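K.L.:
File final_21.cif follows (mmCIF, C-alpha atoms):
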data_upload
loop_
_atom_site.label_atom_id
_atom_site.label_comp_id
_atom_site.auth_asym_id
_atom_site.auth_seq_id
_atom_site.Cartn_x
_atom_site.Cartn_y
_atom_site.Cartn_z
CA MET A 1 20.68 -4.16 -8.24
CA ALA A 2 21.77 -0.63 -8.94
CA GLU A 3 22.86 1.90 -6.33
CA ALA A 4 20.34 2.88 -3.65
CA ASN A 5 17.95 5.55 -4.86
CA LEU A 6 18.70 7.97 -2.00
CA VAL A 7 17.23 11.21 -3.35
CA GLY A 8 14.31 9.51 -5.07
CA GLY A 9 13.58 7.54 -1.91
CA VAL A 10 13.42 10.60 0.34
CA VAL A 11 11.54 12.77 -2.17
CA GLY A 12 9.12 9.94 -2.94
CA GLY A 13 8.56 9.31 0.76
CA LEU A 14 7.82 13.00 1.39
CA LEU A 15 5.30 13.01 -1.48
CA ILE A 16 3.59 9.89 -0.09
CA GLY A 17 3.45 11.45 3.37
CA ALA A 18 2.11 14.74 2.04
CA ALA A 19 -0.60 12.97 0.01
CA SER A 20 -1.63 10.96 3.09
CA VAL A 21 -1.91 14.08 5.26
CA MET A 22 -3.91 15.89 2.56
CA LEU A 23 -6.37 12.99 2.19
CA LEU A 24 -6.94 12.93 5.95
CA LEU A 25 -7.16 16.72 6.33
CA LEU A 26 -9.56 17.20 3.42
CA ASN A 27 -11.58 13.97 3.10
CA GLY A 28 -11.02 12.49 6.56
CA ARG A 29 -9.76 9.27 4.97
CA ILE A 30 -6.76 7.07 5.71
CA ALA A 31 -4.54 6.50 2.64
CA GLY A 32 -4.50 2.72 2.93
CA VAL A 33 -4.32 1.44 -0.62
CA SER A 34 -5.55 -2.12 0.02
CA GLY A 35 -8.57 -0.84 1.95
CA ILE A 36 -9.39 1.86 -0.61
CA LEU A 37 -9.21 -0.75 -3.38
CA ALA A 38 -11.28 -3.36 -1.54
CA GLY A 39 -14.00 -0.79 -0.80
CA ILE A 40 -14.65 -0.34 -4.53
CA ALA A 41 -16.19 -3.83 -4.60
CA SER A 42 -17.56 -4.11 -1.07
CA GLY A 43 -18.56 -0.56 -0.13
CA SER A 44 -21.87 1.22 -0.64
CA PRO A 45 -22.47 2.97 -4.00
CA GLY A 46 -22.02 6.47 -2.54
CA ASP A 47 -18.69 5.42 -1.05
CA ARG A 48 -17.29 4.14 -4.33
CA SER A 49 -16.42 7.12 -6.55
CA TRP A 50 -13.68 8.65 -4.37
CA ARG A 51 -12.00 5.24 -4.19
CA VAL A 52 -12.05 4.87 -7.98
CA ALA A 53 -10.68 8.43 -8.24
CA PHE A 54 -7.81 7.68 -5.83
CA VAL A 55 -6.81 4.50 -7.67
CA THR A 56 -7.02 6.36 -11.00
CA GLY A 57 -4.74 9.01 -9.51
CA LEU A 58 -2.23 6.36 -8.44
CA ILE A 59 -1.97 5.00 -11.97
CA LEU A 60 -1.76 8.51 -13.43
CA GLY A 61 1.11 9.23 -11.02
CA GLY A 62 2.97 6.32 -12.58
CA VAL A 63 2.12 7.52 -16.08
CA THR A 64 3.34 11.03 -15.26
CA TRP A 65 6.73 9.86 -13.99
CA ALA A 66 7.12 7.47 -16.93
CA LEU A 67 6.47 10.35 -19.35
CA ILE A 68 9.00 12.58 -17.57
CA ARG A 69 11.67 9.89 -17.41
CA GLY A 70 10.83 8.06 -20.62
CA GLY A 71 9.81 4.88 -18.81
CA VAL A 72 10.25 3.41 -15.33
CA PRO A 73 12.37 0.41 -14.28
CA LEU A 74 10.48 -2.87 -13.77
CA HIS A 75 12.43 -5.99 -12.85
CA LEU A 76 9.92 -8.76 -12.19
CA GLN A 77 10.86 -11.29 -9.52
CA GLN A 78 8.35 -13.98 -10.48
CA ARG A 79 6.89 -15.57 -13.57
CA MET A 80 3.75 -17.68 -13.71
CA PRO A 81 2.47 -19.22 -11.52
CA GLY A 82 4.50 -17.36 -8.88
CA LEU A 83 2.94 -13.99 -9.79
CA LEU A 84 -0.55 -15.44 -9.45
CA ILE A 85 0.18 -17.03 -6.07
CA ALA A 86 1.85 -13.87 -4.77
CA GLY A 87 -1.09 -11.72 -5.92
CA LEU A 88 -3.60 -14.00 -4.19
CA LEU A 89 -1.54 -13.94 -0.96
CA VAL A 90 -1.24 -10.13 -1.03
CA GLY A 91 -4.96 -9.70 -1.71
CA MET A 92 -6.11 -12.14 0.97
CA GLY A 93 -3.52 -11.13 3.55
CA THR A 94 -4.24 -7.41 3.33
CA ARG A 95 -8.00 -8.04 3.79
CA ILE A 96 -7.60 -10.47 6.68
CA GLY A 97 -4.97 -8.25 8.30
CA SER A 98 -6.91 -5.00 7.59
CA GLY A 99 -4.16 -3.19 5.72
CA CYS A 100 -0.87 -3.09 3.87
CA THR A 101 2.36 -1.09 3.72
CA SER A 102 0.50 2.21 3.31
CA GLY A 103 -2.41 1.75 5.75
CA HIS A 104 -0.47 0.05 8.54
CA GLY A 105 3.07 1.08 7.60
CA VAL A 106 2.75 4.78 6.76
CA CYS A 107 -0.59 5.88 8.26
CA GLY A 108 -1.05 3.45 11.16
CA LEU A 109 2.44 3.97 12.55
CA ALA A 110 1.89 7.73 12.40
CA ARG A 111 -1.30 7.29 14.42
CA LEU A 112 0.76 5.24 16.90
CA SER A 113 -1.72 2.38 16.48
CA PRO A 114 -0.55 -0.75 18.35
CA ARG A 115 -2.35 -2.91 15.74
CA SER A 116 -0.36 -1.26 12.95
CA PHE A 117 2.93 -1.65 14.81
CA ALA A 118 2.20 -5.37 15.22
CA ALA A 119 1.06 -5.82 11.61
CA THR A 120 4.04 -3.91 10.17
CA ALA A 121 6.52 -5.92 12.23
CA ILE A 122 4.89 -9.20 11.19
CA PHE A 123 4.63 -8.49 7.45
CA MET A 124 8.20 -7.17 7.36
CA ILE A 125 9.53 -10.29 9.09
CA ALA A 126 7.38 -12.61 6.92
CA ALA A 127 8.62 -10.87 3.75
CA ILE A 128 12.29 -10.96 4.84
CA VAL A 129 12.00 -14.67 5.68
CA THR A 130 10.28 -15.36 2.34
CA VAL A 131 13.03 -13.57 0.40
CA TYR A 132 15.71 -15.34 2.41
CA ILE A 133 14.20 -18.74 1.67
CA SER A 134 13.60 -18.06 -2.02
CA ARG A 135 16.99 -16.43 -2.67
CA HIS A 136 19.42 -18.14 -0.36
CA ILE A 137 18.00 -21.60 0.29
CA PHE A 138 16.32 -22.65 -2.97
CA MET B 139 -17.71 15.47 -6.37
CA LYS B 140 -15.29 17.65 -4.40
CA THR B 141 -14.04 14.64 -2.42
CA ASP B 142 -13.53 12.76 -5.71
CA ILE B 143 -11.29 15.50 -7.11
CA ILE B 144 -9.33 15.57 -3.83
CA ALA B 145 -8.96 11.78 -3.97
CA LEU B 146 -7.77 11.94 -7.58
CA LEU B 147 -5.20 14.61 -6.73
CA THR B 148 -3.90 12.92 -3.56
CA GLY B 149 -3.83 9.56 -5.36
CA TRP B 150 -1.77 11.18 -8.11
CA ILE B 151 0.73 12.66 -5.62
CA PHE B 152 0.89 9.32 -3.77
CA GLY B 153 1.46 7.43 -7.04
CA LEU B 154 4.08 9.93 -8.14
CA GLY B 155 5.88 9.37 -4.84
CA LEU B 156 5.90 5.60 -5.34
CA ALA B 157 7.17 6.03 -8.92
CA VAL B 158 9.87 8.61 -8.05
CA SER B 159 11.22 6.37 -5.28
CA GLU B 160 11.11 3.36 -7.66
CA MET B 161 9.03 1.32 -5.21
CA THR B 162 7.18 0.27 -8.37
CA ASP B 163 10.26 -1.79 -9.28
CA PRO B 164 10.06 -5.14 -7.43
CA ALA B 165 13.88 -5.37 -7.54
CA ARG B 166 14.08 -2.31 -5.26
CA VAL B 167 11.65 -3.83 -2.77
CA VAL B 168 13.22 -7.29 -2.74
CA GLY B 169 16.64 -5.60 -2.54
CA PHE B 170 15.49 -4.07 0.77
CA LEU B 171 13.98 -7.31 2.05
CA ASP B 172 17.10 -9.30 1.15
CA VAL B 173 19.03 -8.53 4.32
CA ALA B 174 21.49 -11.36 3.63
CA GLY B 175 22.29 -10.07 0.13
CA GLU B 176 23.33 -6.73 -1.33
CA TRP B 177 21.03 -4.66 0.88
CA ASP B 178 19.21 -1.71 -0.71
CA PRO B 179 18.08 0.86 1.91
CA THR B 180 15.79 2.81 -0.48
CA LEU B 181 12.53 1.45 0.99
CA LEU B 182 13.61 2.51 4.46
CA LEU B 183 14.13 6.06 3.21
CA VAL B 184 10.70 6.04 1.57
CA MET B 185 8.95 4.90 4.75
CA GLY B 186 11.06 7.24 6.87
CA GLY B 187 10.35 10.20 4.60
CA ALA B 188 6.63 9.43 4.56
CA ILE B 189 6.34 8.97 8.33
CA ALA B 190 8.37 12.14 8.94
CA VAL B 191 5.42 13.93 7.31
CA THR B 192 2.50 11.81 8.55
CA LEU B 193 3.59 11.67 12.20
CA PRO B 194 3.34 15.43 12.87
CA GLY B 195 0.78 15.89 10.07
CA PHE B 196 -1.73 13.37 11.41
CA PHE B 197 -1.26 14.70 14.94
CA ALA B 198 -2.13 18.22 13.78
CA VAL B 199 -5.01 17.11 11.54
CA LEU B 200 -6.60 14.83 14.14
CA SER B 201 -6.66 17.61 16.71
CA ARG B 202 -9.34 19.22 14.52
CA SER B 203 -12.99 18.33 15.13
CA ARG B 204 -13.63 17.42 11.48
CA PRO B 205 -11.93 17.38 8.07
CA LEU B 206 -12.24 20.32 5.67
CA ALA B 207 -14.27 18.67 2.90
CA ALA B 208 -16.07 15.83 4.68
CA GLU B 209 -18.36 15.41 7.67
CA LYS B 210 -16.08 13.32 9.85
CA PHE B 211 -12.83 11.38 10.11
CA TYR B 212 -13.14 7.75 9.01
CA LEU B 213 -10.70 6.00 11.31
CA PRO B 214 -10.30 2.30 12.06
CA ASP B 215 -12.06 1.38 15.29
CA LYS B 216 -10.50 -2.03 15.90
CA LYS B 217 -8.13 -2.05 18.84
CA ASP B 218 -7.05 -5.57 19.68
CA ILE B 219 -4.09 -7.41 18.19
CA ASP B 220 -5.92 -10.62 17.32
CA THR B 221 -5.13 -13.77 15.37
CA ARG B 222 -6.72 -12.38 12.19
CA LEU B 223 -4.44 -9.36 12.19
CA MET B 224 -1.33 -11.44 12.74
CA ALA B 225 -2.25 -14.20 10.27
CA GLY B 226 -3.27 -11.66 7.62
CA ALA B 227 -0.05 -9.69 8.01
CA ALA B 228 2.01 -12.90 7.71
CA ILE B 229 0.14 -13.99 4.55
CA PHE B 230 0.56 -10.53 3.04
CA GLY B 231 4.26 -10.51 3.91
CA ALA B 232 4.81 -13.85 2.20
CA GLY B 233 3.19 -12.62 -1.02
CA TRP B 234 5.03 -9.29 -0.82
CA GLY B 235 8.38 -11.07 -0.44
CA LEU B 236 7.64 -13.46 -3.30
CA ALA B 237 6.77 -10.87 -5.94
CA GLY B 238 8.15 -7.61 -4.48
CA PHE B 239 4.77 -5.93 -5.01
CA CYS B 240 2.43 -4.56 -2.37
CA PRO B 241 -0.94 -3.04 -3.39
CA GLY B 242 0.09 0.61 -3.97
CA PRO B 243 3.17 0.04 -6.12
CA ALA B 244 1.41 -2.75 -8.06
CA LEU B 245 -1.40 -0.36 -9.03
CA VAL B 246 1.07 2.38 -9.99
CA ALA B 247 3.05 -0.17 -12.03
CA LEU B 248 -0.07 -0.82 -14.13
CA SER B 249 1.06 2.33 -15.93
CA THR B 250 3.85 0.27 -17.54
CA LEU B 251 1.15 -1.81 -19.31
CA SER B 252 3.09 -4.92 -18.35
CA PRO B 253 0.87 -8.02 -18.71
CA GLU B 254 2.63 -9.56 -15.69
CA VAL B 255 1.65 -6.62 -13.49
CA LEU B 256 -1.91 -6.94 -14.75
CA ILE B 257 -1.92 -10.63 -13.77
CA PHE B 258 -0.61 -9.76 -10.30
CA VAL B 259 -3.24 -7.06 -9.78
CA ALA B 260 -6.03 -9.34 -11.03
CA ALA B 261 -4.90 -12.09 -8.64
CA MET B 262 -4.73 -9.53 -5.83
CA LEU B 263 -8.34 -8.47 -6.48
CA VAL B 264 -9.46 -12.12 -6.50
CA GLY B 265 -7.62 -12.64 -3.21
CA GLN B 266 -9.39 -9.63 -1.69
CA LEU B 267 -12.78 -10.91 -2.81
CA LEU B 268 -12.08 -14.41 -1.47
CA ALA B 269 -11.11 -12.98 1.91
CA SER B 270 -14.15 -10.68 1.94
CA LEU B 271 -16.53 -13.52 1.06
CA SER B 272 -15.16 -15.70 3.82
CA GLU B 273 -15.51 -12.93 6.37
CA SER B 274 -18.89 -11.56 5.27
CA ARG B 275 -20.52 -14.50 7.04
CA SER B 276 -19.44 -13.13 10.39
CA SER B 277 -19.41 -9.38 9.85
CA LEU B 278 -21.00 -6.89 7.50
CA LEU B 279 -18.73 -4.13 6.29
CA LEU B 280 -15.26 -4.68 4.94
CA GLY B 281 -12.67 -2.31 3.67
CA VAL B 282 -14.13 0.74 5.35
CA ASP B 283 -12.49 0.43 8.74
CA ASP B 284 -8.94 -0.26 7.71
CA ALA B 285 -5.86 0.83 9.57
#
I need this file expressed as structure tokens, please.

P.N.:
Amino acid sequence: MAEANLVGGVVGGLLIGAASVMLLLLNGRIAGVSGILAGIASGSPGDRSWRVAFVTGLILGGVTWALIRGGVPLHLQQRMPGLLIAGLLVGMGTRIGSGCTSGHGVCGLARLSPRSFAATAIFMIAAIVTVYISRHIF
Amino acid sequence: MKTDIIALLTGWIFGLGLAVSEMTDPARVVGFLDVAGEWDPTLLLVMGGAIAVTLPGFFAVLSRSRPLAAEKFYLPDKKDIDTRLMAGAAIFGAGWGLAGFCPGPALVALSTLSPEVLIFVAAMLVGQLLASLSESRSSLLLGVDDA
């Protein structure tokens, strides 16, 4: 892995935080990506368009940075079927656990939600253990 | 319509933040999670930077009676730390550690047009639907009361 991305990390974090505050201030919504995504399929029709717009914005954010930088780094950690299994786990886990890194990690912690503190601690530990097993044991 | 434009704009800023910080690169994420290897602190800076804004920002916003462009705040109403929350977080963490993708960065990484990212996102959507189907027997609405 290359050097830590110190400036990009801080600037990116500030942008993520600013976007989350704006979404709450203006639309009254929590910027939890897994929940926003899931609501496209399960929510009522009138509740769908803003979710599609947010997800479209996410992808356009990636496109914008790729255009500025002439591409973005992407080092995949899994091939098939690992990618498929990981995707299923992330999809199921974020539904069952009501959120992901953004909803629990960024927004929930800021709301001082005990549920989000618990969820963030658990998914961090589970991910660290998973990486340890896959990188240092097998 | 107005809330859609706001969502598009905030989604774009959010996605730009994930791209600028390179959270869209699974190597960055796994580099952070690999505490026994060559540790990469970038993810910590991203979360720290984000929470430095959301902590005071949410406090100020939630002291208002309502948002500017909507009728009310849509906040999660669940309070208890139950088995579902803990099991779900553990399952999510396992998948996150395996691939180095969580939902936001995976969606932003679709912009690379990588077929592997597309497979991951498709599997993630299937996983969400499977979890929703299994829960819809016991409760009605999903995805609207998230943390």

K.L.:
Please expand the PyMOL selection byres ((chain B and resi 200-214) around 9) into the concrete residues it hits in this file, giving the result as a list in words.

P.N.:
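With the shown file as input, the PyMOL selection byres ((chain B and resi 200-214) around 9) matches Leu24, Leu25, Leu26, Asn27, Gly28, Arg29 and Ile30 of chain A; Lys140, Thr141, Ile144, Gly195, Phe196, Phe197, Ala198, Val199, Asp215, Lys216, Lys217, Val282, Asp283, Asp284 and Ala285 of chain B.
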
K.L.:
List the residues selected by the PyMOL selection byres ((chain B and resi 167) around 9) in the file shown, writing them as a list in words.

P.N.:
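In the shown coordinates, the PyMOL selection byres ((chain B and resi 167) around 9) covers Glu160, Met161, Thr162, Asp163, Pro164, Ala165, Arg166, Val168, Gly169, Phe170, Leu171, Asp172, Asp178, Thr180, Leu181, Trp234, Gly235, Gly238 and Phe239 of chain B.
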
K.L.:
Given the PyMOL selection byres ((chain B and resi 267) around 10) and the file above, list the residues it selects as a ChimeraX atom specification.

P.N.:
/A:38,41-42,88,91-92,95 /B:261-266,268-273

K.L.:
One decimal, in Å: what's the spacing between CA of Phe123 (chain A) and CA of Arg222 (chain B)?

P.N.:
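Rounded to one decimal, the two atoms are 12.9 Å apart.
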
K.L.:
In Å, how far is it from CA of Gly13 (chain A) to CA of Phe54 (chain A)?

P.N.:
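Rounded to one decimal, the two atoms are 17.7 Å apart.
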
K.L.:
In Å to one decimal, how far is CA of Val255 (chain B) from CA of Leu74 (chain A)?

P.N.:
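Rounded to one decimal, the two atoms are 9.6 Å apart.
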
K.L.:
So which residues are close to (1.1, -13.8, -10.0), meaning at most 9 Å away in the file's coordinates with only C-alpha atoms counted, and can you show them as a PyMOL selection string?

P.N.:
(chain A and resi 78-88) or (chain B and resi 237+254-262)

K.L.:
Tell me which protein, DNA and RNA residues are within 9 Å of Thr250 (chain B), counting only C-alpha atoms, leaving out same-chain ones fewer than 3 positions away, and put them as a ChimeraX atom specification.

P.N.:
/A:62-63,66,71-72,74 /B:246-247,253,255

K.L.:
Between B:Ser252, B:Pro194, B:Leu182, B:Gly226, which residue has the minimum interatomic distance to chain A, considering all atoms listed in the file?

P.N.:
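Closest candidate: B:Gly226.
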
K.L.:
Write out as a list in words which residues come within 6 Å of Gly93 (chain A) when counting all atoms listed in the file, dropping same-chain ones fewer than 3 positions away.

P.N.:
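Residues meeting the cut-off are Leu89, Val90, Ile96 and Gly97 of chain A; Gly226, Ala227, Ile229 and Phe230 of chain B.
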
K.L.:
With all atoms listed in the file as the basis for distance, which of B:Gly233, B:Gly186, B:Pro241, B:Gly175 is at the shortest distance from Gly17 (chain A)?

P.N.:
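Smallest distance to Gly17 (chain A) is found for B:Gly186.
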
K.L.:
For the point (-0.6, 6.4, -9.2) in file coordinates, what residues are within 6 Å, counting only C-alpha atoms? Give the answer as a PyMOL selection string?

P.N.:
(chain A and resi 57-62) or (chain B and resi 149-150+153-154+246)

K.L.:
What's around Met185 (chain B) at 10 Å? Count all atoms listed in the file, leave out sequence neighbours fewer than 4 positions away in its own chain, and write the answer as a list in words.

P.N.:
Gly9, Val10, Gly12, Gly13, Leu14, Ile16, Gly17, Thr101, Ser102, Gly105 and Val106 of chain A; Thr180, Leu181, Ile189 and Ala190 of chain B

K.L.:
Nearest residue to Ala126 (chain A) out of B:Val173, B:Leu245, B:Ala232, B:Leu156, using all atoms listed in the file?

P.N.:
B:Ala232
